[in-house]
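Enquirer: start-v9.cif is reproduced in full below (mmCIF, C-alpha atoms).
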data_work
#
loop_
_atom_site.label_atom_id
_atom_site.label_comp_id
_atom_site.auth_asym_id
_atom_site.auth_seq_id
_atom_site.Cartn_x
_atom_site.Cartn_y
_atom_site.Cartn_z
CA MET N 82 0.00 0.00 0.00
CA LYS N 83 0.99 3.67 -0.34
CA ALA N 84 1.75 5.62 2.83
CA ILE N 85 3.60 8.60 4.27
CA VAL N 86 6.62 7.33 6.20
CA GLN N 87 8.89 9.11 8.69
CA ASP N 88 12.14 7.62 10.03
CA ARG N 89 13.72 10.73 11.56
CA TYR N 90 12.77 14.07 13.08
CA GLY N 91 12.87 17.31 11.15
CA SER N 92 10.93 19.52 8.77
CA ALA N 93 8.30 18.23 6.34
CA ASP N 94 11.20 17.07 4.15
CA VAL N 95 11.60 13.99 6.39
CA LEU N 96 8.19 12.70 5.24
CA GLU N 97 8.39 10.29 2.31
CA PHE N 98 5.58 8.90 0.15
CA GLY N 99 6.13 5.31 -0.81
CA ASP N 100 5.16 1.66 -0.55
CA ILE N 101 4.84 -0.20 2.73
CA GLU N 102 3.30 -3.52 3.74
CA THR N 103 -0.45 -3.50 4.34
CA PRO N 104 -1.24 -4.16 8.03
CA VAL N 105 -3.20 -7.19 9.23
CA PRO N 106 -5.92 -6.64 11.86
CA GLY N 107 -5.61 -8.23 15.28
CA ASP N 108 -8.45 -10.07 16.99
CA ARG N 109 -10.18 -6.88 18.17
CA GLU N 110 -9.15 -4.66 15.26
CA VAL N 111 -10.68 -3.59 11.97
CA LEU N 112 -8.77 -3.03 8.74
CA VAL N 113 -9.98 0.23 7.22
CA ARG N 114 -9.47 1.43 3.68
CA VAL N 115 -8.75 5.11 4.39
CA HIS N 116 -10.67 7.46 2.09
CA ALA N 117 -9.66 10.61 3.97
CA ALA N 118 -7.54 11.71 6.92
CA SER N 119 -6.99 15.07 8.59
CA VAL N 120 -4.02 16.98 9.93
CA ASN N 121 -3.63 18.03 13.57
CA ALA N 122 -0.99 20.01 15.46
CA ARG N 123 0.02 16.64 16.91
CA ASP N 124 1.32 15.64 13.46
CA TRP N 125 3.88 18.41 13.15
CA HIS N 126 4.89 17.98 16.80
CA LEU N 127 5.63 14.34 15.99
CA MET N 128 7.37 15.28 12.75
CA ARG N 129 9.65 17.72 14.59
CA GLY N 130 10.00 15.73 17.79
CA ASP N 131 9.00 18.98 19.48
CA PRO N 132 9.11 19.76 22.33
CA TYR N 133 12.18 17.69 23.05
CA LEU N 134 10.76 16.45 26.34
CA ALA N 135 7.98 14.73 24.38
CA ARG N 136 10.56 12.46 22.73
CA LEU N 137 10.59 10.42 25.91
CA THR N 138 7.25 9.04 24.71
CA LEU N 139 7.44 9.72 20.96
CA GLY N 140 10.85 8.09 20.54
CA VAL N 141 14.19 9.49 21.67
CA ARG N 142 16.19 9.29 18.42
CA ARG N 143 13.45 8.60 15.90
CA PRO N 144 9.65 8.39 16.02
CA LYS N 145 8.22 5.09 17.19
CA ALA N 146 5.24 5.57 14.88
CA ARG N 147 6.56 5.49 11.30
CA ILE N 148 3.27 6.51 9.67
CA PRO N 149 1.89 9.85 10.92
CA GLY N 150 -1.73 10.88 11.15
CA THR N 151 -4.48 9.74 13.49
CA ASP N 152 -7.84 10.98 12.15
CA PHE N 153 -9.47 8.91 9.43
CA ALA N 154 -12.68 8.04 7.64
CA GLY N 155 -13.15 5.09 5.34
CA ARG N 156 -14.64 1.68 4.74
CA VAL N 157 -14.04 -1.50 6.74
CA GLU N 158 -12.22 -4.06 4.59
CA ALA N 159 -11.74 -6.86 7.15
CA VAL N 160 -12.35 -7.51 10.83
CA GLY N 161 -10.54 -9.48 13.53
CA ALA N 162 -11.92 -12.71 14.94
CA ARG N 163 -13.32 -11.05 18.10
CA VAL N 164 -14.75 -7.88 16.56
CA THR N 165 -18.50 -7.58 17.19
CA ARG N 166 -19.41 -3.99 16.27
CA PHE N 167 -18.40 -3.90 12.61
CA ARG N 168 -18.30 -5.95 9.45
CA PRO N 169 -16.71 -5.47 6.00
CA GLY N 170 -18.40 -2.70 4.05
CA ASP N 171 -19.26 -0.51 7.06
CA GLU N 172 -18.45 3.17 6.59
CA VAL N 173 -16.60 4.45 9.64
CA PHE N 174 -14.48 7.21 11.14
CA GLY N 175 -12.13 7.21 14.08
CA GLU N 176 -8.77 7.99 15.62
CA ALA N 177 -5.78 5.64 15.46
CA PRO N 178 -2.08 5.88 14.50
CA GLY N 179 -1.12 5.55 10.85
CA ALA N 180 -3.90 7.48 9.12
CA PHE N 181 -1.73 8.88 6.31
CA ALA N 182 -1.89 5.62 4.41
CA GLU N 183 -4.24 3.70 2.14
CA PHE N 184 -5.06 1.24 4.93
CA LEU N 185 -4.81 1.17 8.71
CA CYS N 186 -5.74 -1.11 11.59
CA ALA N 187 -7.67 0.30 14.53
CA SER N 188 -9.21 -1.12 17.67
CA GLU N 189 -12.98 -1.28 17.35
CA ASP N 190 -13.12 0.76 20.58
CA VAL N 191 -11.89 3.91 18.77
CA VAL N 192 -14.06 3.57 15.67
CA GLU N 193 -17.65 4.66 15.05
CA ARG N 194 -20.02 4.66 12.10
CA ARG N 195 -19.65 7.64 9.78
CA PRO N 196 -22.30 10.37 10.15
CA ALA N 197 -24.88 9.80 7.44
CA ASN N 198 -24.92 13.43 6.31
CA LEU N 199 -21.14 13.89 5.90
CA SER N 200 -18.61 13.08 3.20
CA TYR N 201 -15.53 11.05 4.05
CA GLU N 202 -13.48 14.27 4.04
CA GLN N 203 -15.84 15.96 6.51
CA ALA N 204 -15.97 12.90 8.76
CA ALA N 205 -12.17 12.64 8.82
CA ALA N 206 -12.00 16.20 10.15
CA ILE N 207 -13.85 15.27 13.33
CA PRO N 208 -12.07 12.75 15.59
CA LEU N 209 -9.22 14.44 17.49
CA ALA N 210 -10.43 18.04 17.17
CA GLY N 211 -14.05 17.18 17.84
CA THR N 212 -13.20 14.94 20.77
CA THR N 213 -10.95 17.62 22.28
CA ALA N 214 -13.70 20.22 21.97
CA LEU N 215 -16.33 17.86 23.39
CA MET N 216 -14.21 16.84 26.38
CA GLY N 217 -13.08 20.40 27.04
CA LEU N 218 -16.63 21.74 27.13
CA ARG N 219 -18.83 18.85 28.26
CA ASP N 220 -16.52 16.87 30.55
CA ALA N 221 -13.95 19.33 31.89
CA GLY N 222 -15.80 22.62 31.46
CA ARG N 223 -19.24 21.25 32.43
CA VAL N 224 -20.80 23.89 30.18
CA ARG N 225 -24.47 24.62 30.86
CA GLN N 226 -27.33 26.49 29.25
CA GLY N 227 -26.89 30.25 29.44
CA GLN N 228 -23.25 30.28 30.56
CA LYS N 229 -20.79 32.68 28.98
CA VAL N 230 -17.98 30.85 27.21
CA LEU N 231 -14.81 32.38 25.75
CA ILE N 232 -12.86 30.33 23.21
CA ASN N 233 -9.31 31.51 22.56
CA GLY N 234 -8.35 30.10 19.17
CA ALA N 235 -11.89 29.86 17.83
CA SER N 236 -10.90 29.57 14.16
CA GLY N 237 -8.54 26.60 14.55
CA GLY N 238 -9.27 22.92 14.15
CA VAL N 239 -10.50 22.44 17.71
CA GLY N 240 -11.91 25.94 17.99
CA THR N 241 -14.32 25.60 15.08
CA PHE N 242 -15.82 22.54 16.76
CA ALA N 243 -15.79 24.20 20.19
CA VAL N 244 -17.82 27.18 19.00
CA GLN N 245 -20.51 24.91 17.56
CA ILE N 246 -20.60 22.46 20.47
CA ALA N 247 -20.83 25.26 23.04
CA LYS N 248 -23.76 26.74 21.10
CA ALA N 249 -25.39 23.30 20.86
CA PHE N 250 -25.21 23.13 24.67
CA GLY N 251 -26.94 26.50 24.94
CA ALA N 252 -23.98 28.68 25.87
CA ASP N 253 -23.40 32.32 24.99
CA VAL N 254 -20.17 32.10 22.96
CA THR N 255 -17.39 34.60 22.30
CA GLY N 256 -14.62 33.55 19.95
CA VAL N 257 -11.12 35.02 19.78
CA CYS N 258 -9.48 35.00 16.34
CA SER N 259 -7.79 37.23 13.75
CA THR N 260 -9.49 39.64 11.35
CA ARG N 261 -9.38 37.23 8.40
CA ASN N 262 -11.20 34.53 10.39
CA ALA N 263 -13.88 36.65 12.06
CA ASP N 264 -16.56 35.90 9.46
CA LEU N 265 -15.86 32.16 9.71
CA VAL N 266 -16.26 32.18 13.49
CA ARG N 267 -19.50 34.16 13.24
CA SER N 268 -20.82 31.74 10.64
CA LEU N 269 -20.24 28.87 13.08
CA GLY N 270 -22.61 30.50 15.57
CA ALA N 271 -20.46 32.70 17.82
CA ASP N 272 -22.50 35.43 19.49
CA ARG N 273 -19.48 37.75 19.53
CA VAL N 274 -16.01 37.79 18.02
CA VAL N 275 -12.92 39.38 19.57
CA ASP N 276 -10.36 40.28 16.91
CA TYR N 277 -7.07 39.90 18.76
CA THR N 278 -5.28 42.19 16.27
CA ARG N 279 -7.47 45.05 17.48
CA GLU N 280 -8.62 44.10 20.97
CA ASP N 281 -7.09 42.37 24.00
CA PHE N 282 -9.61 39.96 25.48
CA ALA N 283 -7.63 39.81 28.72
CA GLY N 284 -7.96 43.55 29.20
CA GLY N 285 -11.71 43.81 28.68
CA ALA N 286 -14.44 44.19 31.25
CA GLU N 287 -16.40 41.09 30.22
CA ARG N 288 -16.26 38.07 32.54
CA TYR N 289 -16.86 34.46 31.53
CA ASP N 290 -17.99 31.29 33.24
CA LEU N 291 -15.60 29.25 31.09
CA LEU N 292 -12.44 30.06 29.16
CA PHE N 293 -11.36 27.31 26.79
CA ASP N 294 -7.78 28.21 25.84
CA LEU N 295 -6.60 26.48 22.66
CA VAL N 296 -3.60 28.69 21.93
CA GLY N 297 -1.44 28.87 25.04
CA ASN N 298 -0.26 32.40 24.27
CA ARG N 299 -1.45 34.11 27.46
CA SER N 300 -0.33 33.76 31.05
CA LEU N 301 -2.43 32.05 33.69
CA ALA N 302 -2.97 35.39 35.41
CA GLU N 303 -4.32 36.94 32.22
CA CYS N 304 -6.62 33.98 31.61
CA ARG N 305 -7.96 34.00 35.16
CA ARG N 306 -8.56 37.75 34.98
CA VAL N 307 -11.48 37.29 32.58
CA LEU N 308 -13.24 34.61 34.65
CA THR N 309 -16.14 35.04 37.04
CA PRO N 310 -15.26 34.27 40.69
CA THR N 311 -16.41 30.67 40.21
CA GLY N 312 -15.26 30.40 36.59
CA THR N 313 -13.37 27.55 34.92
CA LEU N 314 -10.19 27.66 32.83
CA VAL N 315 -9.55 24.69 30.54
CA LEU N 316 -6.07 24.62 28.97
CA SER N 317 -5.36 22.77 25.74
CA GLY N 318 -2.88 24.90 23.78
CA GLY N 319 -0.84 23.42 20.93
CA GLY N 320 1.70 26.18 20.37
CA VAL N 321 3.71 26.91 17.23
CA PHE N 322 7.18 25.80 16.09
CA GLU N 323 9.87 28.36 16.87
CA GLY N 324 13.06 26.40 16.32
CA GLY N 325 12.65 23.66 18.89
CA SER N 326 12.30 23.81 22.65
CA LEU N 327 12.60 21.65 25.72
CA VAL N 328 9.00 21.93 26.92
CA GLY N 329 7.27 24.26 24.42
CA PRO N 330 3.54 24.76 25.09
CA MET N 331 3.81 22.17 27.84
CA ALA N 332 5.21 24.92 30.09
CA LEU N 333 1.83 26.62 30.50
CA LEU N 334 0.11 23.27 31.00
CA LEU N 335 2.60 22.29 33.70
CA LYS N 336 2.09 25.61 35.46
CA GLY N 337 -1.65 25.09 35.27
CA GLN N 338 -1.39 21.68 36.91
CA LEU N 339 0.83 23.04 39.68
CA MET N 340 -1.43 26.00 40.44
CA SER N 341 -4.78 24.20 40.20
CA GLY N 342 -4.90 23.39 43.91
CA PHE N 343 -4.01 26.92 45.06
CA VAL N 344 -6.50 29.17 43.24
CA ARG N 345 -10.22 29.78 43.63
CA HIS N 346 -11.01 29.09 39.99
CA ARG N 347 -11.37 25.61 38.52
CA LEU N 348 -8.16 25.25 36.53
CA LEU N 349 -7.94 22.14 34.37
CA VAL N 350 -5.40 20.78 31.88
CA LEU N 351 -7.23 18.78 29.24
CA SER N 352 -5.96 15.37 28.22
CA ALA N 353 -8.16 14.24 25.35
CA SER N 354 -8.44 10.54 24.64
CA PRO N 355 -10.10 8.69 21.74
CA GLY N 356 -13.16 6.54 22.24
CA ALA N 357 -16.25 5.31 20.45
CA GLU N 358 -18.62 6.93 23.00
CA LYS N 359 -17.25 10.39 22.20
CA LEU N 360 -17.39 9.74 18.46
CA ALA N 361 -20.99 8.59 18.83
CA ALA N 362 -21.86 11.78 20.72
CA LEU N 363 -20.23 13.86 17.99
CA ARG N 364 -22.05 11.89 15.29
CA GLU N 365 -25.36 12.64 17.02
CA LEU N 366 -24.55 16.35 17.15
CA VAL N 367 -23.62 16.31 13.46
CA GLU N 368 -26.70 14.40 12.36
CA ALA N 369 -28.91 16.72 14.43
CA GLY N 370 -27.46 19.70 12.58
CA GLY N 371 -25.64 21.20 15.56
CA VAL N 372 -22.12 20.67 14.22
CA THR N 373 -20.68 20.83 10.70
CA PRO N 374 -16.93 20.34 10.16
CA ALA N 375 -15.23 23.39 8.64
CA ILE N 376 -12.49 22.52 6.14
CA ASP N 377 -9.79 24.95 5.00
CA ARG N 378 -7.97 22.89 2.35
CA THR N 379 -7.76 19.37 0.97
CA TYR N 380 -4.57 17.69 -0.29
CA PRO N 381 -4.00 14.31 -1.96
CA LEU N 382 -2.24 11.69 0.15
CA ALA N 383 0.97 12.08 -1.86
CA GLU N 384 1.11 15.73 -0.71
CA ALA N 385 0.47 15.07 2.99
CA ALA N 386 3.89 16.56 3.82
CA GLU N 387 2.76 19.86 2.32
CA ALA N 388 -0.52 19.65 4.26
CA ILE N 389 1.40 19.27 7.53
CA ARG N 390 3.74 22.11 6.53
CA TYR N 391 0.73 24.33 5.91
CA VAL N 392 -0.78 23.60 9.33
CA GLU N 393 2.58 24.15 11.05
CA ILE N 394 3.66 27.35 9.31
CA GLU N 395 0.61 29.10 7.88
CA HIS N 396 -1.69 28.96 10.92
CA ALA N 397 -4.44 27.16 9.01
CA ARG N 398 -7.99 27.92 9.95
CA ALA N 399 -10.46 25.12 10.56
CA LYS N 400 -9.32 21.68 9.41
CA VAL N 401 -6.92 20.52 6.69
CA VAL N 402 -7.78 17.19 5.10
CA VAL N 403 -5.78 14.58 3.19
CA SER N 404 -7.76 12.62 0.62
CA SER N 405 -6.50 9.16 -0.33
CA PRO N 406 -5.97 8.02 -3.96
CA PRO N 407 -7.78 5.07 -5.55
CA PRO N 408 -7.07 1.95 -3.49
CA SER N 409 -4.31 -0.54 -4.06
CA ALA N 410 -5.12 -4.19 -3.40
CA PRO N 411 -4.76 -5.04 0.32
#
Rewrite the coordinates I just gave you, this time as structure tokens.
Expert:
Amino acid sequence: MKAIVQDRYGSADVLEFGDIETPVPGDREVLVRVHAASVNARDWHLMRGDPYLARLTLGVRRPKARIPGTDFAGRVEAVGARVTRFRPGDEVFGEAPGAFAEFLCASEDVVERRPANLSYEQAAAIPLAGTTALMGLRDAGRVRQGQKVLINGASGGVGTFAVQIAKAFGADVTGVCSTRNADLVRSLGADRVVDYTREDFAGGAERYDLLFDLVGNRSLAECRRVLTPTGTLVLSGGGVFEGGSLVGPMALLLKGQLMSGFVRHRLLVLSASPGAEKLAALRELVEAGGVTPAIDRTYPLAEAAEAIRYVEIEHARAKVVVSSPPPSAP
């Protein structure tokens, strides 16, 4: 099969498009023919091995996972002996390593049926970003009807889902983004937009029940300043590449964990994890019309390296998708 392969850390030039052996599903796995995948900040962090501290889990000298990508949508080609939820021919989406390839194997526990009203490309945009937004708002943020929610990074992959999910839960939503993305954020349902090139959200008089920070570009003090006395701060910033660092955006997250027990506000560091229950909840929101994936650009699988470069360097808005070529024989 064709796949994007990485055997060392570096720029997008380390990603090679070539042939690799098609995987065989284990007892509780499904083999999926990948029709589309999407790019996340995680992909360029893995590509760079950045921050360096993360290499303790990613692989010290080279990445443990040779095929990047985690978000996918496609058709089940084969199932393991103990799989009960799927059968060949099912159209699915999910989150598992190795998505930038024609085929991948995934545990049935991280796979769900594709939303009936979405294309493969739209469905592939959901898993990591949608799950992060759902967990940040529903599970960590405990968002409720009528609450005021501020989303810093509202035009990004996670942010575009967060705006819609918060509205679906009945919140009053303010999104922070740049001038060029203001119309997009409004179109997703935001009640107000703060253009950070013209206005500092941390210096305003407005107070929020929940701040969902997806950028990591403000201090904890600045974030807490905009909260109500009983407000919640959820941190999930991805950062940008600035030549390599020891801890990168993890610094703010570590500070948040250390301070969480010493401040009056609820201060939470989000650790999103894949799972069929979350995908099912997202599918229900999509099929009910509450959430529609926003896609910036689509690249063919052979140009996945350029797709990752675009997300890393150009500050892509919404989601960037990789569409697979016609299938090779498994």
Enquirer: Within 9 Å of Ala271 in chain N, counting all atoms listed in the file, which residues qualify if same-chain residues fewer than 4 places away don't, as a compact mmCIF listing (two decimals) with C-alpha atoms, keeping the file's coordinate frame?
Expert:
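The result, stored in part.txt:
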# COMPACT_ATOMS: atom_id res chain seq x y z
CA VAL N 244 -17.82 27.18 19.00
CA GLN N 245 -20.51 24.91 17.56
CA LYS N 248 -23.76 26.74 21.10
CA ASP N 253 -23.40 32.32 24.99
CA VAL N 254 -20.17 32.10 22.96
CA THR N 255 -17.39 34.60 22.30
CA GLY N 256 -14.62 33.55 19.95
CA VAL N 266 -16.26 32.18 13.49
CA ARG N 267 -19.50 34.16 13.24
Enquirer: Give me, as a CSV table (one decimal) with C-alpha atoms, in the frame of the given file, all polymer residues having an atom no more than 6 Å from Asp377 in chain N, counting only C-alpha atoms and skipping those fewer than 4 positions away in the same chain.
Expert:
chain,number,residue,atom,x,y,z
N,399,ALA,CA,-10.5,25.1,10.6
N,400,LYS,CA,-9.3,21.7,9.4
N,401,VAL,CA,-6.9,20.5,6.7
Enquirer: Would you give me, as JSON lines, each residue of range 122-184 of chain N having an atom within 9 Å of an atom of range 354-365 of chain N, along with its shortest atom pair and that distance in Å to one decimal, using only C-alpha atoms and sorting by chain and residue number?
Expert:
{"residue": "N:Phe174", "atom": "CA", "partner": "N:Leu360", "partner_atom": "CA", "distance": 8.3}
{"residue": "N:Gly175", "atom": "CA", "partner": "N:Leu360", "partner_atom": "CA", "distance": 7.3}
{"residue": "N:Glu176", "atom": "CA", "partner": "N:Pro355", "partner_atom": "CA", "distance": 6.3}
{"residue": "N:Ala177", "atom": "CA", "partner": "N:Pro355", "partner_atom": "CA", "distance": 8.2}
Enquirer: Quick one, how far is CA of Ser404 in chain N from CA of Met128 in chain N?
Expert: 19.6 Å
Enquirer: Quick check, in Å to one decimal: how far apart do CA of Glu387 in chain N and CA of Gln87 in chain N lie?
Expert: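 CA of Gln87 in chain N lies 13.9 Å from CA of Glu387 in chain N.
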Enquirer: Report as a PyMOL selection string the full result of the PyMOL selection byres ((chain N and resi 218) around 9) when it is applied to this structure.
Expert: chain N and resi 213-217+219-224+243+246-247+291+293+315
Enquirer: (4.3, 12.3, -4.1) in this file's frame - what residues fall within 6 Å of it? Use all atoms listed in the file and give the answer as a PyMOL selection string.
Expert: chain N and resi 98+383-384
Enquirer: Smallest atom-to-atom distance to Ala252 in chain N: which of N:Ile232, N:Ala206, N:Leu127, N:Leu96, using only C-alpha atoms?
Expert: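 With only C-alpha atoms as the atom set, the closest residue is N:Ile232.
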